[in-house]
Structure formats: C-alpha cells, structure tokens
file structure-v9.cif (mmCIF, C-alpha atoms and all ligand atoms)
data_coords
#
loop_
_atom_site.label_atom_id
_atom_site.label_comp_id
_atom_site.auth_asym_id
_atom_site.auth_seq_id
_atom_site.Cartn_x
_atom_site.Cartn_y
_atom_site.Cartn_z
CA MET A 13 -3.22 -88.23 -19.95
CA SER A 14 -1.09 -89.83 -17.27
CA ARG A 15 -2.54 -91.77 -14.37
CA PHE A 16 -1.21 -89.02 -12.08
CA LEU A 17 -3.35 -86.12 -13.31
CA SER A 18 -5.71 -84.89 -10.63
CA ASP A 19 -9.33 -85.88 -11.19
CA ARG A 20 -10.16 -82.18 -11.03
CA PHE A 21 -8.60 -81.68 -14.45
CA SER A 22 -9.40 -84.94 -16.21
CA ASN A 23 -12.21 -83.39 -18.27
CA ILE A 24 -10.81 -79.95 -18.83
CA GLU A 25 -10.78 -78.75 -22.41
CA PRO A 26 -7.88 -76.31 -22.71
CA TYR A 27 -8.00 -73.15 -24.78
CA THR A 28 -6.93 -73.69 -28.39
CA PRO A 29 -4.75 -70.80 -29.55
CA GLY A 30 -4.79 -69.85 -33.21
CA GLU A 31 -2.24 -71.66 -35.30
CA GLN A 32 1.32 -70.24 -35.36
CA PRO A 33 2.56 -71.75 -38.64
CA LYS A 34 6.28 -72.25 -39.02
CA VAL A 35 6.39 -71.63 -42.77
CA ASN A 36 7.38 -68.15 -43.91
CA ASN A 37 5.38 -67.45 -47.01
CA LEU A 38 1.99 -67.37 -45.31
CA ILE A 39 -0.14 -64.29 -44.83
CA LYS A 40 -1.07 -64.68 -41.22
CA LEU A 41 -4.45 -63.13 -40.40
CA ASN A 42 -5.59 -65.58 -37.73
CA THR A 43 -4.57 -64.37 -34.27
CA ASN A 44 -5.22 -60.62 -34.27
CA GLU A 45 -1.57 -59.66 -33.98
CA SER A 46 -0.32 -56.39 -35.40
CA PRO A 47 1.40 -56.59 -38.80
CA PHE A 48 3.78 -53.84 -37.67
CA PRO A 49 6.93 -54.19 -35.57
CA PRO A 50 7.07 -52.79 -32.04
CA SER A 51 7.88 -49.08 -31.64
CA PRO A 52 11.48 -48.23 -32.66
CA LYS A 53 11.90 -46.92 -29.09
CA VAL A 54 11.15 -50.43 -27.80
CA ILE A 55 13.67 -52.02 -30.14
CA GLU A 56 16.34 -49.47 -29.18
CA ALA A 57 15.77 -49.98 -25.45
CA LEU A 58 16.08 -53.77 -25.58
CA ASN A 59 19.83 -53.50 -25.90
CA ASN A 60 22.73 -55.72 -24.89
CA GLU A 61 23.12 -53.94 -21.58
CA GLU A 62 19.57 -54.89 -20.60
CA ILE A 63 19.94 -58.42 -21.94
CA SER A 64 23.11 -58.84 -19.87
CA LYS A 65 21.06 -58.20 -16.71
CA LEU A 66 18.90 -61.26 -17.29
CA ASN A 67 20.82 -63.06 -14.55
CA LEU A 68 18.80 -60.93 -12.11
CA TYR A 69 15.10 -61.34 -11.35
CA SER A 70 12.74 -58.73 -12.73
CA ASP A 71 11.05 -56.13 -10.52
CA PRO A 72 8.09 -57.93 -8.90
CA ASP A 73 6.31 -54.57 -8.61
CA THR A 74 6.89 -53.78 -12.33
CA LYS A 75 7.22 -50.14 -11.28
CA ASP A 76 8.65 -48.65 -14.48
CA VAL A 77 5.87 -49.85 -16.73
CA ILE A 78 3.15 -49.12 -14.16
CA ASP A 79 4.42 -45.54 -13.79
CA ALA A 80 4.27 -45.05 -17.57
CA ILE A 81 0.74 -46.51 -17.75
CA SER A 82 -0.61 -44.55 -14.80
CA LYS A 83 0.72 -41.30 -16.27
CA THR A 84 -0.73 -42.06 -19.71
CA PHE A 85 -4.14 -43.15 -18.44
CA GLY A 86 -4.45 -40.53 -15.70
CA VAL A 87 -4.77 -42.99 -12.81
CA ASN A 88 -2.69 -43.66 -9.69
CA SER A 89 -0.03 -46.34 -9.74
CA ASN A 90 -1.96 -48.36 -7.13
CA GLN A 91 -4.78 -48.67 -9.67
CA VAL A 92 -2.68 -50.68 -12.13
CA LEU A 93 -1.64 -54.35 -12.12
CA MET A 94 0.50 -55.95 -14.83
CA GLY A 95 -0.15 -59.44 -16.18
CA ASN A 96 1.73 -61.88 -18.36
CA GLY A 97 -0.63 -60.99 -21.19
CA SER A 98 -4.15 -59.93 -20.32
CA ASP A 99 -4.95 -63.66 -20.16
CA GLU A 100 -3.22 -63.65 -16.81
CA ILE A 101 -5.23 -60.64 -15.62
CA LEU A 102 -8.40 -62.53 -16.59
CA ALA A 103 -7.17 -65.59 -14.69
CA PHE A 104 -6.50 -63.46 -11.58
CA ALA A 105 -10.00 -61.98 -11.80
CA PHE A 106 -11.83 -65.30 -12.26
CA GLN A 107 -9.80 -66.77 -9.42
CA ALA A 108 -10.14 -63.83 -7.02
CA PHE A 109 -13.78 -62.85 -7.51
CA CYS A 110 -15.67 -66.01 -8.50
CA ASP A 111 -16.63 -69.01 -6.41
CA LYS A 112 -19.65 -71.21 -5.83
CA ASN A 113 -21.65 -68.30 -4.41
CA ASN A 114 -20.42 -65.87 -7.04
CA GLN A 115 -20.71 -67.69 -10.33
CA PRO A 116 -19.63 -65.60 -13.30
CA CYS A 117 -21.70 -64.80 -16.36
CA PHE A 118 -20.69 -63.99 -19.92
CA ALA A 119 -21.92 -64.28 -23.50
CA ASP A 120 -22.28 -67.54 -25.43
CA ILE A 121 -20.15 -66.08 -28.20
CA THR A 122 -17.16 -64.29 -26.70
CA TYR A 123 -13.51 -64.84 -25.88
CA GLY A 124 -13.00 -68.60 -25.69
CA PHE A 125 -10.75 -68.42 -22.66
CA TYR A 126 -13.56 -67.41 -20.25
CA PRO A 127 -15.13 -70.89 -20.12
CA VAL A 128 -11.69 -72.46 -19.83
CA PHE A 129 -10.87 -70.39 -16.75
CA CYS A 130 -14.22 -71.47 -15.33
CA GLU A 131 -13.32 -75.12 -15.77
CA LEU A 132 -9.86 -74.57 -14.34
CA PHE A 133 -11.23 -72.85 -11.24
CA GLY A 134 -14.23 -75.18 -10.82
CA LEU A 135 -16.84 -72.55 -11.68
CA ASN A 136 -20.25 -72.99 -13.22
CA PRO A 137 -20.88 -69.89 -15.36
CA GLU A 138 -24.18 -68.56 -16.59
CA ILE A 139 -24.00 -68.27 -20.36
CA ILE A 140 -25.99 -65.39 -21.83
CA PRO A 141 -26.80 -65.72 -25.55
CA LEU A 142 -25.99 -62.81 -27.82
CA LYS A 143 -28.96 -61.31 -29.66
CA ASP A 144 -29.79 -62.60 -33.15
CA ASP A 145 -27.64 -59.88 -34.72
CA LEU A 146 -24.72 -61.12 -32.57
CA SER A 147 -24.74 -57.99 -30.40
CA ILE A 148 -24.71 -58.08 -26.60
CA GLY A 149 -28.18 -57.54 -25.16
CA VAL A 150 -27.56 -54.95 -22.47
CA ASP A 151 -30.87 -55.72 -20.75
CA ASP A 152 -29.72 -59.29 -20.21
CA TYR A 153 -27.04 -58.00 -17.84
CA ILE A 154 -29.19 -55.68 -15.73
CA GLY A 155 -29.30 -56.63 -12.04
CA LYS A 156 -27.41 -59.88 -12.51
CA ASN A 157 -25.79 -59.66 -9.12
CA LYS A 158 -22.94 -61.92 -10.12
CA PRO A 159 -19.49 -61.29 -11.61
CA ILE A 160 -19.83 -60.17 -15.23
CA PHE A 161 -17.20 -60.56 -17.93
CA ILE A 162 -17.70 -58.63 -21.16
CA ALA A 163 -15.23 -58.25 -24.01
CA ASN A 164 -15.69 -54.79 -25.49
CA PRO A 165 -15.36 -54.86 -28.45
CA ASN A 166 -16.51 -58.44 -28.32
CA ALA A 167 -14.53 -61.23 -29.95
CA PRO A 168 -14.93 -62.65 -32.51
CA THR A 169 -17.77 -60.34 -33.63
CA GLY A 170 -15.91 -57.01 -33.31
CA LEU A 171 -19.13 -55.33 -32.12
CA ALA A 172 -18.80 -52.77 -29.33
CA LEU A 173 -21.10 -51.52 -26.58
CA SER A 174 -21.32 -47.79 -25.92
CA LEU A 175 -20.08 -46.34 -22.65
CA THR A 176 -23.69 -45.51 -21.81
CA ASP A 177 -24.59 -49.19 -22.05
CA ILE A 178 -21.59 -50.24 -19.97
CA GLU A 179 -22.63 -47.71 -17.36
CA LYS A 180 -26.15 -49.15 -17.27
CA ILE A 181 -24.66 -52.55 -16.49
CA LEU A 182 -22.37 -51.11 -13.81
CA ASP A 183 -25.19 -49.12 -12.23
CA SER A 184 -27.42 -52.14 -11.86
CA ASN A 185 -24.73 -54.50 -10.56
CA LYS A 186 -23.09 -52.39 -7.86
CA ASP A 187 -22.39 -55.36 -5.60
CA SER A 188 -20.68 -57.53 -8.22
CA VAL A 189 -17.41 -57.21 -10.06
CA VAL A 190 -17.80 -56.19 -13.70
CA LEU A 191 -14.74 -56.84 -15.83
CA ILE A 192 -14.59 -55.11 -19.20
CA ASP A 193 -12.02 -56.82 -21.38
CA GLU A 194 -10.71 -54.05 -23.63
CA ALA A 195 -8.18 -56.10 -25.61
CA TYR A 196 -9.38 -54.40 -28.83
CA VAL A 197 -10.71 -51.07 -27.58
CA ASP A 198 -8.00 -48.92 -29.18
CA PHE A 199 -9.32 -49.67 -32.66
CA GLY A 200 -12.39 -47.50 -32.30
CA ALA A 201 -14.52 -48.36 -29.25
CA GLU A 202 -15.10 -46.30 -26.11
CA SER A 203 -12.99 -47.20 -23.09
CA ALA A 204 -14.46 -47.64 -19.63
CA VAL A 205 -11.25 -46.48 -17.93
CA SER A 206 -12.90 -43.11 -17.27
CA LEU A 207 -15.53 -44.92 -15.15
CA VAL A 208 -13.06 -46.56 -12.81
CA SER A 209 -13.13 -43.65 -10.35
CA LYS A 210 -16.94 -43.72 -10.31
CA TYR A 211 -17.59 -47.47 -9.89
CA ASP A 212 -15.69 -49.45 -7.27
CA ASN A 213 -16.80 -52.75 -8.88
CA LEU A 214 -15.21 -52.09 -12.30
CA ILE A 215 -12.06 -53.73 -13.66
CA VAL A 216 -10.80 -52.81 -17.11
CA SER A 217 -8.32 -55.23 -18.65
CA ARG A 218 -6.01 -54.23 -21.48
CA THR A 219 -3.29 -55.82 -23.57
CA PHE A 220 -0.13 -54.81 -25.42
CA SER A 221 -0.66 -57.70 -27.83
CA LYS A 222 -2.83 -55.92 -30.40
CA SER A 223 -2.63 -52.12 -30.58
CA ARG A 224 0.91 -52.01 -29.17
CA ASN A 225 2.42 -54.61 -31.48
CA LEU A 226 3.86 -56.71 -28.63
CA ALA A 227 1.97 -60.02 -28.64
CA GLY A 228 5.21 -61.95 -28.18
CA ALA A 229 6.24 -59.93 -25.14
CA ARG A 230 3.15 -61.08 -23.18
CA ILE A 231 2.10 -57.85 -21.48
CA GLY A 232 -1.36 -57.05 -20.18
CA PHE A 233 -2.70 -54.90 -17.39
CA ALA A 234 -5.73 -54.08 -15.32
CA ILE A 235 -6.95 -50.65 -14.31
CA SER A 236 -9.33 -50.63 -11.36
CA ASN A 237 -9.70 -49.23 -7.86
CA PRO A 238 -6.86 -49.92 -5.39
CA GLU A 239 -8.84 -52.52 -3.41
CA LEU A 240 -9.63 -54.73 -6.41
CA ILE A 241 -6.04 -54.33 -7.61
CA THR A 242 -4.81 -55.46 -4.18
CA ASP A 243 -7.05 -58.54 -4.38
CA MET A 244 -5.71 -59.50 -7.80
CA CYS A 245 -2.18 -58.77 -6.60
CA LYS A 246 -2.76 -61.40 -3.96
CA MET A 247 -3.33 -63.92 -6.77
CA LYS A 248 -0.18 -62.79 -8.55
CA PHE A 249 2.04 -63.01 -5.47
CA SER A 250 0.57 -66.40 -4.61
CA PHE A 251 1.36 -67.74 -8.06
CA ASN A 252 4.17 -65.96 -9.91
CA PRO A 253 5.61 -62.78 -8.33
CA TYR A 254 7.92 -62.14 -11.29
CA ASN A 255 5.16 -62.44 -13.86
CA LEU A 256 6.67 -59.82 -16.16
CA ASN A 257 10.23 -60.44 -17.27
CA ARG A 258 12.85 -57.69 -17.38
CA LEU A 259 12.67 -57.14 -21.13
CA SER A 260 8.88 -56.94 -21.15
CA ILE A 261 8.86 -54.32 -18.42
CA ILE A 262 11.17 -52.17 -20.57
CA ALA A 263 9.25 -52.89 -23.77
CA GLY A 264 5.96 -52.01 -22.10
CA LYS A 265 7.25 -48.74 -20.74
CA GLU A 266 8.81 -47.57 -24.01
CA SER A 267 5.76 -48.58 -26.00
CA VAL A 268 3.37 -46.59 -23.80
CA LEU A 269 5.57 -43.52 -24.00
CA ASP A 270 5.74 -43.57 -27.82
CA THR A 271 2.28 -42.20 -28.45
CA GLU A 272 3.10 -40.97 -31.94
CA TYR A 273 4.00 -44.43 -33.27
CA PHE A 274 0.96 -45.91 -31.49
CA ASP A 275 -1.40 -43.39 -33.13
CA ARG A 276 0.11 -44.02 -36.56
CA CYS A 277 -0.26 -47.81 -36.33
CA ILE A 278 -3.87 -47.56 -35.10
CA ALA A 279 -4.82 -45.14 -37.90
CA GLU A 280 -3.39 -47.49 -40.48
CA ILE A 281 -5.21 -50.55 -39.12
CA ILE A 282 -8.50 -48.65 -39.04
CA SER A 283 -7.99 -47.47 -42.61
CA ASN A 284 -7.13 -51.02 -43.75
CA ARG A 285 -10.19 -52.34 -41.93
CA GLU A 286 -12.48 -49.91 -43.74
CA TYR A 287 -10.88 -50.84 -47.07
CA THR A 288 -11.31 -54.57 -46.42
CA VAL A 289 -14.90 -54.25 -45.21
CA ASN A 290 -15.87 -52.18 -48.27
CA GLU A 291 -14.23 -54.57 -50.71
CA LEU A 292 -15.70 -57.69 -49.11
CA LYS A 293 -19.18 -56.16 -48.90
CA LYS A 294 -19.01 -55.43 -52.64
CA ARG A 295 -18.44 -59.16 -53.08
CA GLY A 296 -21.50 -60.28 -51.11
CA PHE A 297 -20.08 -60.60 -47.59
CA ILE A 298 -22.04 -59.65 -44.50
CA ILE A 299 -19.87 -58.10 -41.79
CA PRO A 300 -20.92 -56.77 -38.37
CA ASN A 301 -19.64 -53.24 -37.67
CA SER A 302 -16.20 -54.02 -36.27
CA LYS A 303 -14.42 -51.71 -33.84
CA ALA A 304 -11.52 -54.15 -33.52
CA ASN A 305 -8.43 -55.12 -35.52
CA PHE A 306 -10.36 -57.99 -37.05
CA ILE A 307 -13.61 -58.46 -38.91
CA PHE A 308 -16.13 -61.27 -38.78
CA ALA A 309 -17.36 -62.10 -42.26
CA LYS A 310 -19.85 -64.47 -43.82
CA HIS A 311 -20.84 -64.89 -47.44
CA ASN A 312 -24.26 -65.67 -48.86
CA THR A 313 -23.07 -68.58 -50.99
CA LEU A 314 -19.63 -69.59 -49.73
CA SER A 315 -19.59 -71.41 -46.36
CA GLY A 316 -17.26 -70.25 -43.61
CA GLU A 317 -15.33 -73.49 -43.64
CA GLU A 318 -14.96 -73.48 -47.41
CA TYR A 319 -13.73 -69.87 -47.45
CA PHE A 320 -11.24 -70.70 -44.68
CA ASN A 321 -9.96 -73.78 -46.57
CA GLU A 322 -9.75 -72.01 -49.91
CA LEU A 323 -7.84 -69.08 -48.42
CA ARG A 324 -5.48 -71.53 -46.77
CA LYS A 325 -4.76 -73.17 -50.15
CA ARG A 326 -3.74 -69.69 -51.29
CA ASN A 327 -1.40 -69.27 -48.30
CA ILE A 328 -3.69 -67.00 -46.30
CA VAL A 329 -4.57 -68.12 -42.77
CA VAL A 330 -7.70 -66.77 -41.08
CA ARG A 331 -9.64 -68.15 -38.10
CA TYR A 332 -12.63 -70.44 -38.37
CA PHE A 333 -14.83 -71.46 -35.42
CA SER A 334 -16.98 -74.54 -35.86
CA LYS A 335 -19.38 -73.52 -33.07
CA GLU A 336 -22.95 -73.82 -34.38
CA ARG A 337 -24.03 -70.18 -34.10
CA ILE A 338 -21.00 -68.77 -35.89
CA LYS A 339 -19.97 -71.56 -38.23
CA ASP A 340 -20.87 -69.51 -41.32
CA TYR A 341 -18.28 -66.88 -40.46
CA VAL A 342 -14.53 -66.49 -40.60
CA ARG A 343 -12.59 -64.04 -38.47
CA ILE A 344 -10.03 -62.07 -40.43
CA THR A 345 -7.29 -60.10 -38.67
CA ILE A 346 -6.61 -56.72 -40.25
CA GLY A 347 -3.03 -56.65 -41.49
CA SER A 348 -1.04 -54.32 -43.73
CA LYS A 349 -2.61 -52.85 -46.88
CA GLU A 350 -0.56 -55.26 -48.95
CA GLN A 351 -1.86 -58.24 -46.97
CA MET A 352 -5.45 -57.06 -47.24
CA THR A 353 -5.12 -56.52 -50.99
CA ALA A 354 -3.81 -60.08 -51.26
CA LEU A 355 -6.84 -61.28 -49.29
CA ILE A 356 -9.21 -59.49 -51.67
CA ASP A 357 -7.39 -60.90 -54.72
CA ALA A 358 -7.56 -64.41 -53.27
CA THR A 359 -11.26 -63.91 -52.49
CA ASP A 360 -11.92 -62.93 -56.10
CA ASP A 361 -10.11 -66.05 -57.24
CA ILE A 362 -12.19 -68.21 -54.86
CA LEU A 363 -15.51 -66.63 -55.84
CA LYS A 364 -14.92 -67.05 -59.56
CA GLY A 365 -14.13 -70.73 -58.83
N1 LIG B 401 -9.19 -60.82 -24.44
C1 LIG B 401 -9.61 -61.04 -25.68
C2 LIG B 401 -11.02 -60.69 -26.05
C3 LIG B 401 -8.74 -61.62 -26.64
O1 LIG B 401 -9.16 -61.88 -27.88
C4 LIG B 401 -7.42 -61.92 -26.26
C5 LIG B 401 -6.45 -62.48 -27.29
N2 LIG B 401 -6.47 -63.79 -27.51
C6 LIG B 401 -7.05 -61.69 -24.94
C7 LIG B 401 -7.95 -61.11 -24.06
C8 LIG B 401 -5.70 -62.07 -24.41
O2 LIG B 401 -4.66 -61.44 -25.01
P1 LIG B 401 -3.21 -61.39 -24.38
O3 LIG B 401 -3.11 -62.48 -23.35
O4 LIG B 401 -2.29 -61.58 -25.52
O5 LIG B 401 -3.10 -60.05 -23.73
#
call {"tool": "encode", "arguments": {"input": "structure-v9.cif", "output": "structure tokens", "more": "lines below"}}
Ligand code: PMP
result
Amino acid sequence: MSRFLSDRFSNIEPYTPGEQPKVNNLIKLNTNESPFPPSPKVIEALNNEEISKLNLYSDPDTKDVIDAISKTFGVNSNQVLMGNGSDEILAFAFQAFCDKNNQPCFADITYGFYPVFCELFGLNPEIIPLKDDLSIGVDDYIGKNKPIFIANPNAPTGLALSLTDIEKILDSNKDSVVLIDEAYVDFGAESAVSLVSKYDNLIVSRTFSKSRNLAGARIGFAISNPELITDMCKMKFSFNPYNLNRLSIIAGKESVLDTEYFDRCIAEIISNREYTVNELKKRGFIIPNSKANFIFAKHNTLSGEEYFNELRKRNIVVRYFSKERIKDYVRITIGSKEQMTALIDATDDILKG
C-alpha cells in the first residue's frame, strides 16, 4: 500500500477471483466458465472489418445488443442495461440503491463480491445465514424493508429458489429494491424476468459468462423497469459511458440470436452435471441439488482441502473456500464429458489412496 491511498480504502479486502493458471495441460473446473467456444456466429462476426473499427469508440447506448436481448426476453429496450460483466451491473445497483439509510442484506454464503461492493461503497450489510441445509430461508427475507441481493441459483451451493418463493419476497418488500442475480439461471432454475412487469422494485441481473460461453468478453445485463434502469444508467454514465467495447457488443448480439447453439450447450452441461453428481454420489459425496453449471460437493472421509489439493496434483483445478461453514466442500465447475470423466477417474485414484 502506498502512503497516498485514501483512508477509505486502507482496510478493503478485494474480491479474489479464481485462479487463471497459465499452464496448458490443466483441467480447469474452478471459475464456472463454459468448456465450449462461443457460438460460431459470434466467431464469424468478429471479423477484420469490425476489428479495424477499433479506432472508434463503441456505442455508449449499446443499442444492437440491447435490441437483441429485448426481443429475446420479450421486454422493451428501455428495460435493459448492459454491464461490463454482471459484476458491473451489481456495482451499479449497490451504488445506486444502497446508502446509510438503505443498508443491503444478503446471505452469509453467497457470491463473494457482494460484501466487497459493500466495503467499496461504505455500506454496512445485514448478513442473513443460510439454513442448516445451505438453502436460503425465504421467511428470513419477508418484510425486510431494505435492499435485498439474492443469487438464484445461489453460489457456491447451486441451490435455487422457486419463483413462488421469489414472489413472496417481492410481495413483502414492495418499497425496497430486490435484485435477483441470475448468473446461473439458464442451467435449470426459474427466471424472475417474467415478474419484472409486475414488481417495480425488481432487478434481474444476467451474464454472458456462463451459459453463453463468453466470460472473456465481459458482458452482463440487467432487466428491470425503466425507472430503475435509468437510475443504474446514471451510475454508468457517471463512471464509464463506453462500458461495453465494440467487439463485445457484436459478440453479445450474435450470441443471443443463436438460440440453437445456446440450447445445445445448456443441454450438454446439464447432462454432464447429472453424470458427475451420480458418479460422485456413488463414491460417498454429498451434493446439494444444483441448478447451476457447478456442483458443491463434500465427502464423508476426505476433507475439502485435501480433495482440492489431491485433484490439483492430478492437474485438475477446482475451487476451495476456507470459510468455516463451507470448508468441507469443493465447488466443481461442470465441463465437457471428457473433463468430467477425468475428474471421476482422478477421484477414484484419490479415494483408493
Ligand atoms: N454473480 C454470481 C453469482 C457469480 O458467480 C458471478 C461470477 N463470478 C457473477 C455474478 C459475475 O459474473 P460476470 O461478471 O462474469 O458476469
């Protein structure tokens, strides 16, 4: 730390992203990326002609990708805001809707960026423990009267709330913003996008990083009512008006339009998830019912840290969190069938150890 850093940030503990190893022979199952390349339509559209226009700024209104999203999701274009990843959408929401009189609340075990945004923006969140089975206790969110942030499915558990439960939370918190972070919703959970026209306090955030195979393009978006979108737009235009670059706007648009490739990739991930869950359960693992592109697994004899280390020795990287409540688990991203078979083989090798 230099002597120039503002006191405001001297104690901040930044988010720690999953490792991005530089070596090639690793099976990388640690950051919930897709194992598949982007849609062929995306690759075709990112041509030399588009690259040669990089001397010009991108469209600050990101119109092309917003038009494609609004058509696909059946909402108006003034109900969509693009972010540089959904992390940026989350940042806009924490910044726009939380302050000392509107302190946010979220689960003790959830996406690790929420508490970091709170530190960054000087907020003091209420932390709501998950139930013993690691699910979100819907009753704990009734009548909170403060901004609520829920990842659905939750990370790193993979457990999802039903739309009925989300609606209960929305109904009882009509005067507070409720943000449903749907980074993983495409892998089998119910989306709250259909509720946006009914609840003027709902923001749904989405990402292209998981189900659309574009983590490296940094594309996220929010769907909400026009007023909340305008508020978050104020954050964007006060911070980085060109938050999506030219190539990402094109990639986002083409990806949304290629529904056939999207459906195929999702189906394969879900099938690989079921395979992996079944195989690991046969070997004594306990796994909450994941609706995401990852699973959260613990073993009755092997500790989470040991499993993580032993997999790593066998060139497989998963994610381990040392936090007390979840230290027995590892989070495993669902990759290709070949990768998941390798994981099972390595697990057999470890267990026979
Ligand atoms: N929400 C959740 C629950 C996540 O796990 C992630 C991925 N780290 C994000 C949001 C952010 O993803 P991105 O910025 O790549 O859209």
call {"tool": "closest_atom_pairs", "arguments": {"input": "structure-v9.cif", "of": "chain A", "to": "ligand LIG 401 (chain B)", "cutoff": "6 Å", "atoms": "only C-alpha atoms and all ligand atoms", "output": "CSV"}}
result
residue,atom,partner,partner_atom,distance
A:Gly97,CA,B:LIG401,O3,3.6
A:Ser98,CA,B:LIG401,O5,3.6
A:Asp99,CA,B:LIG401,O3,3.9
A:Tyr123,CA,B:LIG401,C2,4.8
A:Ala163,CA,B:LIG401,C2,5.3
A:Ala167,CA,B:LIG401,C2,5.3
A:Asp193,CA,B:LIG401,N1,5.8
A:Ala195,CA,B:LIG401,N1,5.0
A:Thr219,CA,B:LIG401,O5,4.2
A:Ser221,CA,B:LIG401,O4,4.8
A:Ala227,CA,B:LIG401,O4,5.5
A:Arg230,CA,B:LIG401,O4,5.9
A:Gly232,CA,B:LIG401,O5,5.0
call {"tool": "closest_atom_pairs", "arguments": {"input": "structure-v9.cif", "of": "stretch 209-303 of chain A", "to": "stretch 61-68 of chain A", "cutoff": "10 Å", "atoms": "all atoms listed in the file", "output": "CSV"}}
result
residue,atom,partner,partner_atom,distance
A:Asn257,CA,A:Leu66,CA,8.7
A:Arg258,CA,A:Leu66,CA,7.0
A:Leu259,CA,A:Glu62,CA,7.3
A:Ile262,CA,A:Glu62,CA,8.8
call {"tool": "atom_distance", "arguments": {"input": "structure-v9.cif", "atom1": "atom CA of A:Asn90", "atom2": "atom CA of A:Pro238"}}
result
5.4 Å
call {"tool": "atom_distance", "arguments": {"input": "structure-v9.cif", "atom1": "atom CA of A:Lys303", "atom2": "atom CA of A:Ala172"}}
result
6.4 Å
call {"tool": "residues_near_point", "arguments": {"input": "structure-v9.cif", "point": "(-17.9, -44.2, -11.0)", "cutoff": "12 Å", "atoms": "all atoms listed in the file", "output": "list of chain:residue names"}}
result
A:Ile178, A:Glu179, A:Lys180, A:Leu182, A:Asp183, A:Lys186, A:Ala204, A:Val205, A:Ser206, A:Leu207, A:Val208, A:Ser209, A:Lys210, A:Tyr211, A:Asp212, A:Asn213, A:Leu214, A:Ile215, A:Ser236, A:Asn237
call {"tool": "atom_distance", "arguments": {"input": "structure-v9.cif", "atom1": "atom CA of A:Thr345", "atom2": "atom CA of A:Phe129"}}
result
24.5 Å
call {"tool": "closest_residue", "arguments": {"input": "structure-v9.cif", "among": "A:Ile298, A:Ala279, A:Val77, A:Ile307", "to": "A:Gly95", "atoms": "only C-alpha atoms"}}
result
A:Val77
call {"tool": "closest_residue", "arguments": {"input": "structure-v9.cif", "among": "A:Thr122, A:Asn166, A:Ser82, A:Ser223", "to": "A:Ser302", "atoms": "only C-alpha atoms"}}
result
A:Asn166
call {"tool": "residues_around", "arguments": {"input": "structure-v9.cif", "residues": "A:Lys265", "least_positions_apart": "6", "cutoff": "9 Å", "atoms": "all atoms listed in the file", "output": "PyMOL selection string"}}
result
chain A and resi 54+76-81
